[in-house]
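Asks: Quick one: this structure, given as structure tokens, is what I'll be asking you about.
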Amino acid sequence: MSFFITGTDTGAGKTWATVALMRYFKAQGKTVIGMKPVASGCNEIDGDLKNQDALLLQENASVYLPYATVNPYAYREPVSPHLAGVGNPVDVDNIRRIFLQLQNAADVVFVEGAGGWLAPINAHCDIADLARSLGVPVLMVVAIRLGCINHAKLTYRAIQASGLACAGWLAVCPDAKMTRKDENIETLQAFIDAPLLGVLPFQAPADFDVLARHINYPVKSS
Ligand SMILES: Nc1ncnc2c1ncn2[C@@H]1O[C@H](COP(=O)(O)OP(=O)(O)O)[C@@H](O)[C@H]1O
Ligand SMILES: [Mg+2]
């Protein structure tokens, strides 16, 4: 089983939600892997460029994976990958090859996108093209904040237009001061005909095991 994690924006909560999903599936007895194929905004650690999101996914996997497998495209500059990657552009087929190997290494593979659904990753492809190439169901992370209804509807429509199944969506609450959260979520539920898999409350700092307890995805025992 695999999922592609997208969000309504950059900073929408994709990484936190992915880690919570990994902890949730682990608690259900599944082995998990998280991949962040394309990341910009990386720092040099022990001589290699590494990204905090990818490190978190690497740490939370059930099996050890080399960093370059988790994050094959790591760019220093914190800008869109199609700009940061000039000179070493993203090769979608290469990501697909790595992903296919990872599918054999755990029960569930989560692939976190970069930015939002139509964020460009090289001169020709965007995140939707990458997800289509992997051919897996999509989970949409919605940051519940002012403007989220428009962002979520646009993203959901675009996922549908891509032909991929949306297996569900998660509401995450990165804004402690946001009022009328429940009404916003209800409005979105009326529009999105994929299941709401969880409402992740505001937390600072994060306790991913607590966030995982707010997820509800029917997991079949094997
Ligand atoms: N449940 C939450 N509670 C509080 N803050 C959150 C929550 N989820 C996300 N955030 C905040 O939003 C930031 C961006 O989340 P992240 O998962 O890294 O987004 P993305 O991966 O979509 O860029 C986090 O660093 C954190 O500060
Ligand atoms: Mg992220």
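Here's how to read the names in the structure tokens: chain A, B, ... by the order shown, residue numbers from 1 in each chain, ligand numbers from 1 in the order shown.
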With a distance cut-off of 8 Å and only C-alpha atoms, select the neighbouring residues of Gly85 (chain A), excluding the residue or stretch itself and same-chain residues fewer than 5 positions from it, and output the selection as an NGL selection string.
Replies: :A and (75 or 90 or 122)
Asks: With C-alpha atoms kept, could you save the residues just selected as a CSV table (one decimal), in the first residue's frame?
Replies:
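Below is the file part.csv, written as the result:
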chain,number,residue,atom,x,y,z
A,75,TYR,CA,18.6,21.3,-3.0
A,90,VAL,CA,14.6,16.1,-11.0
A,122,ASN,CA,11.6,20.6,-13.1
Asks: With only C-alpha atoms and all ligand atoms counted, collect every polymer residue having an atom within 7 Å of ligand 1; state the result as a list in words.
Replies: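 So, counting only C-alpha atoms and all ligand atoms, the residues near ligand 1 are Gly7, Asp9, Thr10, Gly11, Ala12, Gly13, Lys14, Thr15, Trp16, Ala17, Asp53, Gly115, Val172, Cys173, Pro174, Asp175, Leu200, Pro201, Phe202, Gln203, Ala204 and Ala206 of chain A.
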Asks: Pick from A:Ala68, A:Ala114, A:Ala105, A:Gly87: nearest to ligand 2, with only C-alpha atoms and all ligand atoms counted?
Replies: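 Checking each candidate against ligand 2, we get A:Ala114 as the closest.
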Asks: Among region 2-209 of chain A, which ones does DSSP place in strand (DSSP E), written as a count of residues only?
Replies: 45
Asks: Rounded to one decimal place, report the CA of His151 (chain A)-CA of Thr8 (chain A) distance in Å.
Replies: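 According to the coordinates, CA of His151 (chain A) and CA of Thr8 (chain A) are separated by 5.6 Å.
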